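First up is the structure itself, then whatever we jot down about it.
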Amino acid sequence: MITWSSLFESSFPKILQILAVLAIFFGFYGIAFAAGARVQGKKQNVLALSLFLVPALILAMTGLGIPAIQTFIESFKNADSSKWVGFANYTRAVKDPDILLAFRNTMAWVIISPVVATGLGLALATMLNKMKREALAKSLIFMPMAISFVGGSLIWNLMYQYQEPNMNQTGLVGQIMKSLGIPLQHLLLWSPWNNLFLMVVYIWGFTGFGMVILSAAIKNIPQDIEEAAQLDGASGLRLFRTVTVPMVKTTIIVVLTTAMVGTLKLFDVIHTMTGGNFKTDVLSNRMFDEHFVYLNNGRGSSLAILIFLGVLPITYYNIRSIRAERKH
Amino acid sequence: MAKLALKKNKPLIAPSGTKPFTSPIASAIVTVIAVLWTVPTLGLVVTSFRDKESILSSGWWTSFTNPSFTLENFRAVLLQGGGSLGSQGMIPFAVNSLAITIPAVVLSVGFGLMAAYALAWIPFRFSNQVFYGLFALQGVPLQLSLLPLLTFFATGVQLFGVQIIPSLGIVGTLAAVWFPHVMFGLPLVTYLLHNFVSALPRELLEAARVDGANHFEVFRRIVLPLSLPAIASISIFQFLWIWNDLLVALVFAGGTDDVAPLTLHLANLGGSLGSKWENVAPAALFSIVIPLTVFFSLQRYFVRGLLAGSVKS
């Protein structure tokens, strides 16, 4: 039995820690701002830059920039980083059947789930656009975004529960299959389809995001363009294809690439639902296992670099469009 | 995290009028999808109120025709604990989640806002290069950084056998978990806030400068108050992202229950208790109550924040 006093005892230091962190941060900057307000002339630019920008740059470089370079170097070393091994970690990655499988699965994830989630989001956004009471449906479809993928995975585990065919089914999907006369399957063990059942969790979580962003873009389409198209006789699917889709193309790309980066790095769903077993492993989960289960830094790092290479074209594309934007 | 590209904070005008798919079929499809999207969560909610025997012997949907609900599962998970639930139950993990999320959100948004102001309004020589560099760091998956950062926390920096930066000595503490979140979140937070801060009216800031206000005063008196809506939406975004994270927690809080957040504990429960749904279901529901409350009460700001980051108008 838990007593309130023991709970309080264990939580109190942690609450103090929160307050201490906030007090230090606001205290330091409170004093800095009071002092900084008196500085005039050229010196204030230097002072403001060093207090405003330098901390963020140091944090970002320590947290991401430098470690990324280290990981790149480690990827050419052996398990405990004591010896150089050239490209061995990479050549092994393309020969090892387990890692090849993780590659194939990741490819399937990156292609299938963003397309399905974005397509669904676009369809929903278009259909919701003219509805009167859209708010409730929107909220319900958007809600999974607030749920962690760990929570989502458990929620779907419950949906996928398997019982012997002669037993009462406890998973809703099993019950539906049984009612329809489809032979029952242990869905998460049923390779290669189990990959699709895992993708469902991601699609369930991400579709609402696509829908909300796309529906804002659709609402931004100038009305006269639609009216002109309608005067020309376009309606329904044709209006969708010739007006809606081209007008929100940029937003579709944003949603699609966001999902691609998300699935390329996807870890939580696999780790929670199958642990990468039953032929469902993906690069990100495999990388984690190489590092923290097999304790092989070299191999883990090489997989991290491969994930980075997958994200690279999307980053490049984003930087290009940002540059065009910032020039205006 | 959702990686948002593109910019601009323009009011979103919603013209009404005739649109494609004006049909009852569309309404029906949307309704069906909304129901499909809700049923799995409903299943978890219903299951967490059913007793152990019913959970094992029948599906949760049968309890609508044959209701028998209990609060016993929540008592066991929150007030009784024991076994893999932890001797103190789930509540200490929720405290850990808060103690990780609050500092991480405040510091990343705080540092991010100041950096955004500096990049937008303080002219200096390499301003553009720094901006693109910071933006490019968004493209570095945090996977690349996990092990080197963990090593840095544990041993500091040694070069040719000489200790240059000492070990931070924070491994196994809450700081080891929230600190990485601040660092990983900064590029995106700075970028999103930069979109907002750089769009503030130039005349307003210049008028203040002419009146003799320096950067510190302009930031405190003009930029900070005007940015509150953006701060709110990005904070909500960060809150949900950090609260829901598993990977960072697994690496940096690994091994010790003392600093493990709810997601990490829940993932472990899902593994160790497997099909003990009378424990897993209420624990999972407990872990999603706070983010769902934040989400539903602040949905408006949250959506606005998402849009600020991603809709090109």
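The chains in the structure tokens are called A, B, ... from first to last as shown; in each chain the residues are counted from 1, and the ligands are counted from 1 in the order shown.
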### Task
Using only C-alpha atoms, select each residue of chain B with any atom at most 6 Å away from an atom of chain A, and give the selection as a ChimeraX atom specification.
/B:2-3,14,20-21,26,34,37,44,58-59,79-80,88,99,111,114-115,139,143-145,148,183,216-217,244,267,284,288,291-292
Could you save those same residues with C-alpha atoms as a PDB file, in the first residue's frame?
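Once everything was written out, this is out-v9.pdb:
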```
ATOM      1  CA  ALA B   2       6.981  16.593 -36.882  1.00  0.00           C
ATOM      2  CA  LYS B   3       9.525  18.299 -38.969  1.00  0.00           C
ATOM      3  CA  ALA B  14     -11.927  30.749 -44.507  1.00  0.00           C
ATOM      4  CA  PRO B  20     -15.981  19.539 -54.223  1.00  0.00           C
ATOM      5  CA  PHE B  21     -17.715  16.453 -52.820  1.00  0.00           C
ATOM      6  CA  ALA B  26     -18.805  12.499 -47.891  1.00  0.00           C
ATOM      7  CA  ALA B  34     -13.983   9.504 -37.085  1.00  0.00           C
ATOM      8  CA  TRP B  37     -10.195   6.589 -35.200  1.00  0.00           C
ATOM      9  CA  LEU B  44      -8.543   1.052 -23.812  1.00  0.00           C
ATOM     10  CA  SER B  58     -14.627 -11.628 -23.275  1.00  0.00           C
ATOM     11  CA  GLY B  59     -14.086  -8.632 -25.529  1.00  0.00           C
ATOM     12  CA  LEU B  79      -2.483   3.441  -4.895  1.00  0.00           C
ATOM     13  CA  GLN B  80      -1.246  -0.106  -4.385  1.00  0.00           C
ATOM     14  CA  GLN B  88       5.082   3.404  -5.401  1.00  0.00           C
ATOM     15  CA  ALA B  99      10.195  17.104 -13.876  1.00  0.00           C
ATOM     16  CA  PHE B 111      16.796  30.016 -25.459  1.00  0.00           C
ATOM     17  CA  MET B 114      16.293  34.812 -27.718  1.00  0.00           C
ATOM     18  CA  ALA B 115      18.195  33.147 -30.560  1.00  0.00           C
ATOM     19  CA  GLY B 139      18.031  17.456 -40.440  1.00  0.00           C
ATOM     20  CA  GLN B 143      19.819   8.892 -33.404  1.00  0.00           C
ATOM     21  CA  LEU B 144      23.247  10.178 -34.439  1.00  0.00           C
ATOM     22  CA  SER B 145      23.730  11.952 -31.198  1.00  0.00           C
ATOM     23  CA  PRO B 148      28.325  10.420 -28.106  1.00  0.00           C
ATOM     24  CA  MET B 183      19.477  20.569 -27.174  1.00  0.00           C
ATOM     25  CA  PHE B 216      17.515  44.072 -24.177  1.00  0.00           C
ATOM     26  CA  GLU B 217      14.705  46.586 -23.781  1.00  0.00           C
ATOM     27  CA  ASN B 244       5.468  11.423 -25.355  1.00  0.00           C
ATOM     28  CA  ALA B 267       6.814   0.485 -22.481  1.00  0.00           C
ATOM     29  CA  ALA B 284      -1.719   3.527 -20.270  1.00  0.00           C
ATOM     30  CA  ILE B 288      -2.337   9.789 -21.771  1.00  0.00           C
ATOM     31  CA  PRO B 291      -1.369  15.198 -22.760  1.00  0.00           C
ATOM     32  CA  LEU B 292      -5.001  14.727 -23.806  1.00  0.00           C
TER      33      LEU B 292
END
```
### Task
Could you pull out the residues in range 171-322 of chain A that DSSP calls helix (DSSP H, G or I) from the backbone, as a PyMOL selection string?
chain A and resi 172-180+187-189+193-219+223-231+236-247+249-264+268-273+283-292+297-322
### Message
To one decimal place in Å, what is the distance between CA of Gly110 in chain B and CA of Leu193 in chain B?
### Response
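Between CA of Gly110 in chain B and CA of Leu193 in chain B the gap works out to 10.4 Å.
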### Task
Measure the distance from CA of Thr38 in chain B to CA of Phe69 in chain B in Å and round it to one decimal.
20.4 Å
### Query
Within 7 Å of range 187-190 of chain B, counting only C-alpha atoms, which residues qualify if same-chain residues fewer than 6 places away don't, as a ChimeraX atom specification?
/A:60 /B:109,112-113,115-116,134-135,137-138
Export of the given selection (C-alpha atoms) as an mmCIF file, in the first residue's frame:
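Writing done, so here's result_21.cif:
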```cif
data_model
loop_
_atom_site.group_PDB
_atom_site.id
_atom_site.type_symbol
_atom_site.label_atom_id
_atom_site.label_comp_id
_atom_site.auth_asym_id
_atom_site.auth_seq_id
_atom_site.Cartn_x
_atom_site.Cartn_y
_atom_site.Cartn_z
ATOM 1 C CA ALA A 60 22.741 22.838 -30.491
ATOM 2 C CA VAL B 109 11.536 27.900 -25.764
ATOM 3 C CA GLY B 112 15.016 29.547 -28.779
ATOM 4 C CA LEU B 113 13.145 32.845 -28.545
ATOM 5 C CA ALA B 115 18.195 33.147 -30.560
ATOM 6 C CA ALA B 116 15.293 33.831 -32.920
ATOM 7 C CA LEU B 134 21.012 25.934 -37.268
ATOM 8 C CA PHE B 135 18.278 24.976 -39.695
ATOM 9 C CA LEU B 137 20.878 20.717 -37.645
ATOM 10 C CA GLN B 138 17.145 19.981 -37.777
#
```
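With distances restricted to only C-alpha atoms, A:Val116 is the closest residue to Ile203 in chain A from A:Ala108, A:Val116, A:Ile24, A:Ile99.
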### Message
Give me, as an MDAnalysis selection string, all polymer residues having an atom no more than 12 Å from Glu53 in chain B, counting only C-alpha atoms and skipping those fewer than 2 positions away in the same chain.
### Response
(chainID A and resid 170) or (chainID B and resid 47 49:51 55:60 68:70 73 276:278)
Okay, now the selection with N, CA and C atoms, as a JSON list (two decimals), in the first residue's frame?
```json
[["chain", "number", "residue", "atom", "x", "y", "z"],
["A", 170, "THR", "N", -10.95, -11.52, -27.64],
["A", 170, "THR", "CA", -10.82, -10.33, -26.80],
["A", 170, "THR", "C", -10.28, -9.14, -27.58],
["B", 47, "THR", "N", -11.66, -1.10, -21.25],
["B", 47, "THR", "CA", -10.90, -2.20, -20.65],
["B", 47, "THR", "C", -10.36, -1.84, -19.27],
["B", 49, "PHE", "N", -11.62, -0.20, -17.01],
["B", 49, "PHE", "CA", -12.65, -0.23, -15.96],
["B", 49, "PHE", "C", -13.26, -1.62, -15.77],
["B", 50, "ARG", "N", -12.75, -2.63, -16.47],
["B", 50, "ARG", "CA", -13.34, -3.97, -16.33],
["B", 50, "ARG", "C", -12.51, -4.82, -15.38],
["B", 51, "ASP", "N", -13.16, -5.80, -14.73],
["B", 51, "ASP", "CA", -12.37, -6.61, -13.81],
["B", 51, "ASP", "C", -11.60, -7.68, -14.58],
["B", 55, "ILE", "N", -11.95, -9.25, -18.51],
["B", 55, "ILE", "CA", -10.97, -8.90, -19.54],
["B", 55, "ILE", "C", -10.45, -10.17, -20.21],
["B", 56, "LEU", "N", -10.22, -11.21, -19.39],
["B", 56, "LEU", "CA", -9.66, -12.45, -19.94],
["B", 56, "LEU", "C", -10.68, -13.25, -20.73],
["B", 57, "SER", "N", -11.96, -13.14, -20.35],
["B", 57, "SER", "CA", -12.92, -14.08, -20.93],
["B", 57, "SER", "C", -13.77, -13.50, -22.06],
["B", 58, "SER", "N", -13.79, -12.17, -22.20],
["B", 58, "SER", "CA", -14.63, -11.63, -23.27],
["B", 58, "SER", "C", -14.08, -10.30, -23.77],
["B", 59, "GLY", "N", -14.53, -9.90, -24.94],
["B", 59, "GLY", "CA", -14.09, -8.63, -25.53],
["B", 59, "GLY", "C", -14.68, -7.45, -24.79],
["B", 60, "TRP", "N", -13.98, -6.30, -24.83],
["B", 60, "TRP", "CA", -14.44, -5.13, -24.07],
["B", 60, "TRP", "C", -15.78, -4.61, -24.56],
["B", 68, "SER", "N", -20.37, -4.41, -16.23],
["B", 68, "SER", "CA", -19.90, -4.58, -14.85],
["B", 68, "SER", "C", -18.57, -3.86, -14.77],
["B", 69, "PHE", "N", -18.59, -2.68, -14.20],
["B", 69, "PHE", "CA", -17.38, -1.86, -14.17],
["B", 69, "PHE", "C", -16.83, -1.74, -12.76],
["B", 70, "THR", "N", -15.52, -1.48, -12.68],
["B", 70, "THR", "CA", -14.88, -1.39, -11.37],
["B", 70, "THR", "C", -13.77, -0.36, -11.39],
["B", 73, "ASN", "N", -8.91, -1.56, -10.77],
["B", 73, "ASN", "CA", -7.67, -1.50, -11.55],
["B", 73, "ASN", "C", -6.89, -0.22, -11.28],
["B", 276, "LYS", "N", -1.35, -8.71, -19.05],
["B", 276, "LYS", "CA", -2.06, -8.34, -17.82],
["B", 276, "LYS", "C", -2.75, -7.00, -18.03],
["B", 277, "TRP", "N", -3.80, -7.03, -18.82],
["B", 277, "TRP", "CA", -4.45, -5.78, -19.23],
["B", 277, "TRP", "C", -5.09, -5.04, -18.08],
["B", 278, "GLU", "N", -5.43, -5.78, -16.99],
["B", 278, "GLU", "CA", -6.05, -5.08, -15.86],
["B", 278, "GLU", "C", -5.05, -4.09, -15.24]]
```
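Distance check against Val259 in chain B using only C-alpha atoms: of A:Pro13, A:Tyr294, A:Ile182, A:Gly119, the minimum falls on A:Pro13.
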